[in-house]
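Novice: Supplied structure: query-v2.pdb, PDB, C-alpha atoms.
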MODEL        1
ATOM      1  CA  MET A   1     109.862  65.668 120.938
ATOM      2  CA  LEU A   2     108.733  69.235 121.564
ATOM      3  CA  TYR A   3     108.898  71.608 118.612
ATOM      4  CA  ILE A   4     108.696  75.287 119.556
ATOM      5  CA  LEU A   5     107.845  77.119 116.355
ATOM      6  CA  GLY A   6     107.803  80.813 115.555
ATOM      7  CA  LEU A   7     104.965  82.022 113.346
ATOM      8  CA  GLY A   8     106.447  85.407 112.546
ATOM      9  CA  LEU A   9     104.273  88.500 112.432
ATOM     10  CA  GLU A  10     102.170  87.693 109.371
ATOM     11  CA  ASP A  11     100.894  84.772 107.297
ATOM     12  CA  GLY A  12     103.663  83.023 105.381
ATOM     13  CA  GLU A  13     106.478  83.895 107.783
ATOM     14  CA  ILE A  14     106.833  80.488 109.386
ATOM     15  CA  THR A  15     110.052  79.064 107.958
ATOM     16  CA  GLN A  16     110.266  75.961 105.810
ATOM     17  CA  LYS A  17     111.984  74.234 108.713
ATOM     18  CA  GLY A  18     109.115  75.222 111.002
ATOM     19  CA  LEU A  19     106.487  74.050 108.534
ATOM     20  CA  GLU A  20     108.199  70.669 108.160
ATOM     21  CA  ALA A  21     108.303  70.302 111.953
ATOM     22  CA  LEU A  22     104.590  71.091 112.142
ATOM     23  CA  GLU A  23     103.869  68.441 109.516
ATOM     24  CA  GLU A  24     105.876  65.868 111.489
ATOM     25  CA  ALA A  25     104.168  66.590 114.825
ATOM     26  CA  ASP A  26     101.403  64.353 116.146
ATOM     27  CA  GLN A  27      99.604  67.347 117.640
ATOM     28  CA  ALA A  28      99.945  71.097 117.694
ATOM     29  CA  PHE A  29      98.987  73.937 120.025
ATOM     30  CA  ALA A  30      99.167  77.714 119.687
ATOM     31  CA  GLU A  31      98.962  80.607 122.127
ATOM     32  CA  PHE A  32      98.239  84.280 121.516
ATOM     33  CA  TYR A  33      98.248  85.713 125.025
ATOM     34  CA  THR A  34     101.778  87.084 124.594
ATOM     35  CA  ASN A  35     101.126  88.713 121.237
ATOM     36  CA  THR A  36      98.340  89.787 118.916
ATOM     37  CA  GLU A  37      97.006  87.017 116.697
ATOM     38  CA  THR A  38      98.050  88.056 113.189
ATOM     39  CA  VAL A  39      98.335  84.602 111.616
ATOM     40  CA  ASP A  40      95.483  82.606 110.055
ATOM     41  CA  LEU A  41      95.729  79.221 111.765
ATOM     42  CA  ASP A  42      93.070  77.722 109.491
ATOM     43  CA  LYS A  43      95.302  78.300 106.476
ATOM     44  CA  LEU A  44      98.263  76.858 108.343
ATOM     45  CA  GLU A  45      96.256  73.751 109.270
ATOM     46  CA  GLU A  46      95.287  73.289 105.636
ATOM     47  CA  LYS A  47      98.862  73.697 104.456
ATOM     48  CA  SER A  48     100.437  71.418 107.056
ATOM     49  CA  GLY A  49      97.698  68.849 107.455
ATOM     50  CA  THR A  50      97.998  69.207 111.241
ATOM     51  CA  ASP A  51      95.163  70.354 113.511
ATOM     52  CA  ILE A  52      96.105  73.258 115.774
ATOM     53  CA  GLU A  53      94.413  73.868 119.130
ATOM     54  CA  ARG A  54      94.500  77.309 120.756
ATOM     55  CA  LEU A  55      95.459  77.343 124.429
ATOM     56  CA  ASP A  56      94.907  80.044 127.017
ATOM     57  CA  ARG A  57      97.513  81.270 129.478
ATOM     58  CA  GLU A  58      96.394  79.021 132.336
ATOM     59  CA  GLU A  59      96.667  75.868 130.224
ATOM     60  CA  VAL A  60     100.165  76.807 129.091
ATOM     61  CA  GLU A  61     101.647  78.152 132.307
ATOM     62  CA  ARG A  62      99.756  76.900 135.337
ATOM     63  CA  ASN A  63      98.663  73.512 134.013
ATOM     64  CA  ASP A  64     101.895  73.003 132.040
ATOM     65  CA  ARG A  65      99.906  71.297 129.307
ATOM     66  CA  ILE A  66     102.544  71.671 126.592
ATOM     67  CA  VAL A  67     105.177  69.750 128.534
ATOM     68  CA  LYS A  68     102.701  67.101 129.659
ATOM     69  CA  GLU A  69     101.557  66.505 126.094
ATOM     70  CA  ALA A  70     105.143  66.355 124.808
ATOM     71  CA  GLU A  71     105.890  63.550 127.258
ATOM     72  CA  GLU A  72     103.415  61.373 125.381
ATOM     73  CA  ARG A  73     103.615  62.456 121.719
ATOM     74  CA  ASP A  74     105.589  64.647 119.354
ATOM     75  CA  THR A  75     104.118  68.064 120.006
ATOM     76  CA  ALA A  76     104.393  71.407 118.208
ATOM     77  CA  PHE A  77     103.917  74.640 120.146
ATOM     78  CA  LEU A  78     103.292  77.666 117.925
ATOM     79  CA  VAL A  79     103.831  81.264 119.041
ATOM     80  CA  SER A  80     103.734  84.669 117.360
ATOM     81  CA  GLY A  81     106.993  86.245 116.316
ATOM     82  CA  ASP A  82     110.137  84.445 117.403
ATOM     83  CA  PRO A  83     109.563  81.540 119.815
ATOM     84  CA  LEU A  84     112.119  82.487 122.454
ATOM     85  CA  THR A  85     111.362  86.205 122.718
ATOM     86  CA  ALA A  86     108.961  85.676 125.638
ATOM     87  CA  THR A  87     110.488  84.326 128.840
ATOM     88  CA  THR A  88     107.551  81.960 129.344
ATOM     89  CA  HIS A  89     108.444  80.080 126.163
ATOM     90  CA  TYR A  90     112.050  79.622 127.222
ATOM     91  CA  ASP A  91     110.767  78.307 130.548
ATOM     92  CA  ILE A  92     108.664  75.724 128.701
ATOM     93  CA  ARG A  93     111.711  74.554 126.773
ATOM     94  CA  HIS A  94     113.754  74.364 129.975
ATOM     95  CA  ARG A  95     111.089  72.350 131.828
ATOM     96  CA  ALA A  96     110.787  69.958 128.909
ATOM     97  CA  GLU A  97     114.525  69.362 128.827
ATOM     98  CA  GLN A  98     114.559  68.784 132.586
ATOM     99  CA  LYS A  99     112.091  65.954 131.995
ATOM    100  CA  GLY A 100     114.322  64.455 129.305
ATOM    101  CA  ILE A 101     112.168  65.622 126.395
ATOM    102  CA  GLU A 102     114.097  66.492 123.260
ATOM    103  CA  THR A 103     113.337  70.012 121.986
ATOM    104  CA  LYS A 104     113.785  71.777 118.677
ATOM    105  CA  VAL A 105     113.315  75.510 118.122
ATOM    106  CA  CYS A 106     112.485  77.016 114.721
ATOM    107  CA  HIS A 107     112.987  80.763 114.709
ATOM    108  CA  ALA A 108     110.982  83.324 112.733
ATOM    109  CA  PRO A 109     110.803  87.115 112.179
ATOM    110  CA  SER A 110     109.933  89.204 115.214
ATOM    111  CA  ILE A 111     109.480  92.811 116.248
ATOM    112  CA  PHE A 112     113.160  92.859 117.219
ATOM    113  CA  THR A 113     114.185  92.562 113.575
ATOM    114  CA  SER A 114     111.251  94.484 112.100
ATOM    115  CA  ILE A 115     112.254  97.680 113.912
ATOM    116  CA  ALA A 116     114.930  98.055 111.228
ATOM    117  CA  GLU A 117     112.078  99.044 108.888
ATOM    118  CA  THR A 118     112.050 102.422 110.643
ATOM    119  CA  GLY A 119     115.570 103.217 109.453
ATOM    120  CA  LEU A 120     116.990 103.049 112.958
ATOM    121  CA  ASN A 121     119.992 100.797 113.490
ATOM    122  CA  VAL A 122     119.124  97.672 115.492
ATOM    123  CA  TYR A 123     122.545  97.804 117.162
ATOM    124  CA  LYS A 124     121.694 101.175 118.710
ATOM    125  CA  PHE A 125     118.743 100.017 120.801
ATOM    126  CA  GLY A 126     118.993  99.686 124.558
ATOM    127  CA  ARG A 127     116.812  97.678 126.901
ATOM    128  CA  THR A 128     113.320  96.944 125.587
ATOM    129  CA  VAL A 129     110.401  97.788 127.895
ATOM    130  CA  THR A 130     106.748  96.772 127.909
ATOM    131  CA  LEU A 131     103.883  99.123 128.740
ATOM    132  CA  PRO A 132     100.838  97.271 130.115
ATOM    133  CA  ARG A 133      97.382  98.704 129.600
ATOM    134  CA  GLU A 134      96.313  98.353 133.247
ATOM    135  CA  ALA A 135      99.471  99.391 135.085
ATOM    136  CA  ARG A 136     101.979 102.237 135.375
ATOM    137  CA  PRO A 137     105.348 100.618 136.187
ATOM    138  CA  GLY A 138     107.839 103.186 137.409
ATOM    139  CA  SER A 139     110.674 100.888 136.351
ATOM    140  CA  LEU A 140     109.719 101.531 132.721
ATOM    141  CA  ILE A 141     110.618 105.210 133.016
ATOM    142  CA  ASP A 142     113.832 104.287 134.818
ATOM    143  CA  HIS A 143     114.895 102.024 131.955
ATOM    144  CA  ILE A 144     114.092 104.688 129.363
ATOM    145  CA  LYS A 145     116.310 107.137 131.271
ATOM    146  CA  LYS A 146     119.127 104.577 131.446
ATOM    147  CA  ASN A 147     118.941 104.090 127.682
ATOM    148  CA  ASP A 148     118.896 107.887 127.242
ATOM    149  CA  SER A 149     122.020 108.213 129.389
ATOM    150  CA  ILE A 150     124.008 106.221 126.837
ATOM    151  CA  ASP A 151     122.239 107.684 123.771
ATOM    152  CA  LEU A 152     120.358 104.504 122.835
ATOM    153  CA  HIS A 153     116.899 104.123 121.316
ATOM    154  CA  THR A 154     114.144 102.535 123.435
ATOM    155  CA  LEU A 155     111.646 100.077 121.990
ATOM    156  CA  ILE A 156     108.381 100.156 123.930
ATOM    157  CA  LEU A 157     106.221  97.094 123.396
ATOM    158  CA  LEU A 158     102.520  97.524 124.081
ATOM    159  CA  ASP A 159      99.927  95.182 125.533
ATOM    160  CA  ILE A 160      97.814  93.224 123.058
ATOM    161  CA  ASP A 161      95.510  95.574 121.109
ATOM    162  CA  TYR A 162      96.805  98.595 123.038
ATOM    163  CA  PRO A 163      96.763 101.542 120.589
ATOM    164  CA  ALA A 164      99.763 103.824 120.387
ATOM    165  CA  ASN A 165      97.802 107.025 121.060
ATOM    166  CA  GLU A 166      96.508 105.718 124.404
ATOM    167  CA  ALA A 167      99.949 104.387 125.291
ATOM    168  CA  ALA A 168     101.561 107.724 124.413
ATOM    169  CA  GLU A 169      99.076 109.573 126.610
ATOM    170  CA  LYS A 170      99.907 107.302 129.547
ATOM    171  CA  LEU A 171     103.664 107.679 129.025
ATOM    172  CA  VAL A 172     103.424 111.481 129.000
ATOM    173  CA  ASP A 173     101.241 111.373 132.091
ATOM    174  CA  MET A 174     103.842 109.205 133.826
ATOM    175  CA  GLU A 175     106.732 111.447 132.755
ATOM    176  CA  PRO A 176     105.681 114.831 131.263
ATOM    177  CA  GLU A 177     109.174 115.501 129.846
ATOM    178  CA  LEU A 178     108.610 112.647 127.394
ATOM    179  CA  GLY A 179     105.956 114.702 125.613
ATOM    180  CA  GLU A 180     108.641 116.552 123.632
ATOM    181  CA  ARG A 181     110.542 113.409 122.709
ATOM    182  CA  GLU A 182     110.751 112.186 119.145
ATOM    183  CA  ALA A 183     108.757 108.977 118.809
ATOM    184  CA  VAL A 184     108.580 106.480 115.978
ATOM    185  CA  VAL A 185     105.309 104.548 115.882
ATOM    186  CA  LEU A 186     105.449 101.216 114.060
ATOM    187  CA  GLU A 187     102.036  99.848 113.152
ATOM    188  CA  ARG A 188     101.378  96.253 112.076
ATOM    189  CA  ALA A 189     105.035  95.330 111.624
ATOM    190  CA  ASN A 190     105.760  93.101 108.605
ATOM    191  CA  GLN A 191     102.183  93.226 107.348
ATOM    192  CA  ASP A 192     101.187  94.640 103.966
ATOM    193  CA  SER A 193      99.464  97.497 105.808
ATOM    194  CA  GLN A 194     102.554  98.399 107.851
ATOM    195  CA  GLU A 195     102.904 102.107 108.659
ATOM    196  CA  VAL A 196     105.750 104.068 110.226
ATOM    197  CA  SER A 197     105.179 107.541 111.688
ATOM    198  CA  VAL A 198     107.621 109.994 113.251
ATOM    199  CA  VAL A 199     106.021 112.418 115.690
ATOM    200  CA  LYS A 200     106.528 113.975 119.114
ATOM    201  CA  LEU A 201     105.237 111.611 121.772
ATOM    202  CA  GLY A 202     102.821 114.241 123.066
ATOM    203  CA  ASP A 203     101.376 114.656 119.570
ATOM    204  CA  ALA A 204     101.075 110.881 119.184
ATOM    205  CA  ALA A 205      98.600 110.956 122.062
ATOM    206  CA  GLU A 206      96.288 113.063 119.880
ATOM    207  CA  LYS A 207      96.861 111.167 116.633
ATOM    208  CA  GLY A 208      94.637 108.474 115.187
ATOM    209  CA  PHE A 209      96.420 105.274 114.236
ATOM    210  CA  GLY A 210      95.202 102.213 112.381
ATOM    211  CA  GLU A 211      94.620  98.682 113.614
ATOM    212  CA  THR A 212      96.988  97.180 116.166
ATOM    213  CA  PRO A 213      99.542  95.803 116.905
ATOM    214  CA  HIS A 214     101.527  98.974 117.566
ATOM    215  CA  SER A 215     104.971  99.638 118.996
ATOM    216  CA  ILE A 216     106.603 102.911 120.031
ATOM    217  CA  ILE A 217     110.278 103.808 119.751
ATOM    218  CA  LEU A 218     111.801 106.744 121.614
ATOM    219  CA  THR A 219     114.846 107.755 119.616
ATOM    220  CA  GLY A 220     118.242 108.313 121.136
ATOM    221  CA  ASP A 221     121.296 109.778 119.438
ATOM    222  CA  LYS A 222     120.935 109.163 115.688
ATOM    223  CA  SER A 223     123.626 108.862 113.072
ATOM    224  CA  HIS A 224     123.471 110.963 109.911
ATOM    225  CA  LYS A 225     122.143 107.976 107.961
ATOM    226  CA  GLU A 226     119.486 107.244 110.576
ATOM    227  CA  GLU A 227     118.364 110.869 110.361
ATOM    228  CA  GLU A 228     118.068 110.548 106.594
ATOM    229  CA  PHE A 229     116.135 107.292 106.782
ATOM    230  CA  ILE A 230     113.539 108.338 109.351
ATOM    231  CA  GLU A 231     112.945 111.654 107.584
ATOM    232  CA  THR A 232     111.158 109.623 104.928
ATOM    233  CA  HIS A 233     108.483 108.780 107.529
ATOM    234  CA  GLY A 234     107.934 112.347 108.690
TER     235      GLY A 234
ENDMDL
END
As structure tokens - that is how I would like this structure written.
Specialist:
Amino acid sequence: MLYILGLGLEDGEITQKGLEALEEADQAFAEFYTNTETVDLDKLEEKSGTDIERLDREEVERNDRIVKEAEERDTAFLVSGDPLTATTHYDIRHRAEQKGIETKVCHAPSIFTSIAETGLNVYKFGRTVTLPREARPGSLIDHIKKNDSIDLHTLILLDIDYPANEAAEKLVDMEPELGEREAVVLERANQDSQEVSVVKLGDAAEKGFGETPHSIILTGDKSHKEEEFIETHG
């Protein structure tokens, strides 16, 4: 059996179903190369009674360690946020099933639900894009423009520990017109220290934000209620 368990975005967000699966597993592994580590694994080990080993990207993807381990023993694989948000995790599930390994997924809160904290309607978001720290993908700007063309908001996910001010500066450099766009910066989603700011993207490049993780939303056409809600963050 392979359990793929979401940890959520903060301590205590793993579901009861996920915790029970972790307790039942013979071994457990966690990865944090797809998201910032915001969960205290030591506390989770103490609560579940199961030791958790951190794995790097090569062990998970190239060496396929998760699937190999699940062939021998009941294995739990823990990931930040929701377990099937990242394509690599779905691939792991698919490879396990191809080998005849039974899988069970336990979902948890993710950035895709936490964006509702901004007051923007989750049904009015278009394609999500990711801005890497070390690259300038032109396709990102293309997708933002496609979302704009149908009046949808764009969620921009940032590389691990990539601060919103640096990301905003890069985005404006890539497409100067974005500097005048309204941006919502969501800091440390779901955590007690969560902050939401509404600012022009160009101004965000000059603003100091707190600890990561950060996400940026470029707003599209807003309803009257959305306007009211995000005004509280201005």
Novice: Using only C-alpha atoms, determine which residues lie at most 7 Å from Asp159 of chain A, disregarding the query and same-chain residues fewer than 6 positions distant; provide the list as a list of chain:residue names.
Specialist: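 What passes the distance filter is A:Leu131, A:Pro132, A:Arg133.
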Novice: Hey, can you spit out that residue selection with C-alpha atoms as a compact mmCIF listing (two decimals), keeping the file's coordinate frame?
Specialist:
# COMPACT_ATOMS: atom_id res chain seq x y z
CA LEU A 131 103.88 99.12 128.74
CA PRO A 132 100.84 97.27 130.12
CA ARG A 133 97.38 98.70 129.60
Novice: Expand the PyMOL selection byres ((chain A and resi 163-173) around 6) into the individual residues it matches in the shown file, reporting them as a PDB file with C-alpha atoms, in the coordinates of the input.
Specialist:
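The file below, result-v2.pdb, is the result:
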ATOM      1  CA  TYR A 162      96.805  98.595 123.038  1.00  0.00           C
ATOM      2  CA  MET A 174     103.842 109.205 133.826  1.00  0.00           C
ATOM      3  CA  GLU A 175     106.732 111.447 132.755  1.00  0.00           C
ATOM      4  CA  PRO A 176     105.681 114.831 131.263  1.00  0.00           C
ATOM      5  CA  LEU A 178     108.610 112.647 127.394  1.00  0.00           C
ATOM      6  CA  GLY A 179     105.956 114.702 125.613  1.00  0.00           C
ATOM      7  CA  LEU A 201     105.237 111.611 121.772  1.00  0.00           C
ATOM      8  CA  ALA A 204     101.075 110.881 119.184  1.00  0.00           C
ATOM      9  CA  ALA A 205      98.600 110.956 122.062  1.00  0.00           C
ATOM     10  CA  HIS A 214     101.527  98.974 117.566  1.00  0.00           C
TER      11      HIS A 214
END
Novice: The PyMOL selection byres ((chain A and resi 22) around 9) - which residues does that actually catch in the file I just gave you? List them as a ChimeraX atom specification.
Specialist: /A:3,5,17-21,23-28,48-50,75-78
Novice: Set the distance at 9 Å and use all atoms listed in the file: which residues neighbour Ser197 of chain A once local chain neighbours fewer than 6 positions away are removed? I'd like the list as a list in words.
Specialist: Thr118, Ala183, Val184, Val185, Leu186, Glu187, Ile230, His233 and Gly234 of chain A
Novice: Please provide as a ChimeraX atom specification all residues within 12 Å of Asp192 of chain A, with the sequence filter that same-chain residues fewer than 2 positions apart are discarded (counting all atoms listed in the file).
Specialist: /A:9-12,38,187-190,194-195
Novice: Taking the file as shown, find all residues satisfying the PyMOL selection byres ((chain A and resi 91-95) around 9) and write them as a ChimeraX atom specification.
Specialist: /A:2,4,60-61,64,66-67,87-90,96-101,103-105
Novice: Write to file, as a PDB file, keeping the file's coordinate frame, the residues of the selection just made, with C-alpha atoms.
Specialist:
ATOM      1  CA  LEU A   2     108.733  69.235 121.564  1.00  0.00           C
ATOM      2  CA  ILE A   4     108.696  75.287 119.556  1.00  0.00           C
ATOM      3  CA  VAL A  60     100.165  76.807 129.091  1.00  0.00           C
ATOM      4  CA  GLU A  61     101.647  78.152 132.307  1.00  0.00           C
ATOM      5  CA  ASP A  64     101.895  73.003 132.040  1.00  0.00           C
ATOM      6  CA  ILE A  66     102.544  71.671 126.592  1.00  0.00           C
ATOM      7  CA  VAL A  67     105.177  69.750 128.534  1.00  0.00           C
ATOM      8  CA  THR A  87     110.488  84.326 128.840  1.00  0.00           C
ATOM      9  CA  THR A  88     107.551  81.960 129.344  1.00  0.00           C
ATOM     10  CA  HIS A  89     108.444  80.080 126.163  1.00  0.00           C
ATOM     11  CA  TYR A  90     112.050  79.622 127.222  1.00  0.00           C
ATOM     12  CA  ALA A  96     110.787  69.958 128.909  1.00  0.00           C
ATOM     13  CA  GLU A  97     114.525  69.362 128.827  1.00  0.00           C
ATOM     14  CA  GLN A  98     114.559  68.784 132.586  1.00  0.00           C
ATOM     15  CA  LYS A  99     112.091  65.954 131.995  1.00  0.00           C
ATOM     16  CA  GLY A 100     114.322  64.455 129.305  1.00  0.00           C
ATOM     17  CA  ILE A 101     112.168  65.622 126.395  1.00  0.00           C
ATOM     18  CA  THR A 103     113.337  70.012 121.986  1.00  0.00           C
ATOM     19  CA  LYS A 104     113.785  71.777 118.677  1.00  0.00           C
ATOM     20  CA  VAL A 105     113.315  75.510 118.122  1.00  0.00           C
TER      21      VAL A 105
END
Novice: Extract, using only C-alpha atoms, all DNA, RNA and protein residues at most 12 Å from segment 125-129 of chain A, discarding same-chain residues fewer than 4 positions from it, and format them as a VMD selection string.
Specialist: chain A and resid 85 111 to 113 115 to 116 120 to 121 137 to 159 215 to 222
Novice: So that I can see what lies close to segment 54-58 of chain A, please list as a PyMOL selection string the residues with an atom at most 9 Å from it, counting all atoms listed in the file and leaving out residues fewer than 2 positions away in the same chain.
Specialist: chain A and resi 28-34+52+60-65
Novice: Ranking A:Ser80, A:Lys124, A:Gln16, A:Asp74 by minimum distance to Asp40 of chain A and counting all atoms listed in the file, which one comes first?
Specialist: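 For Asp40 of chain A, the nearest of the given residues is A:Ser80.
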Novice: By how many Å are atom CA of Thr130 of chain A and atom CA of Gly81 of chain A apart?
Specialist: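 Atom CA of Gly81 of chain A lies at a distance of 15.7 Å from atom CA of Thr130 of chain A.
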Novice: Looking at A:Glu227, A:Glu13, A:Glu182, A:Glu71, which one is nearest to Ala108 of chain A, with distances taken over all atoms listed in the file?
Specialist: A:Glu13
Novice: So the first atom is atom CA of Arg136 of chain A and the second is atom CA of Gln191 of chain A; what is the distance between them in Å, to one decimal place?
Specialist: 29.4 Å
Novice: Might I get the box with edges along x, y and z of the file that holds all atoms of segment 172-175 of chain A listed there, padded by 4 Å on every side, given as centre and edge lengths in Å to one decimal, as lines of an AutoDock Vina configuration file?
Specialist:
center_x = 104.0
center_y = 110.3
center_z = 131.4
size_x = 13.5
size_y = 10.3
size_z = 12.8
Novice: To one decimal in Å, tell me the separation between atom CA of Thr15 of chain A and atom CA of Gly119 of chain A.
Specialist: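 Pair atom CA of Thr15 of chain A / atom CA of Gly119 of chain A returns 24.8 Å.
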Novice: For Ser110 of chain A, which residue out of A:Asp161, A:Met1, A:Gly6, A:Glu211 is the nearest one, using only C-alpha atoms?
Specialist: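 That would be A:Gly6, the residue with the smallest distance to Ser110 of chain A.
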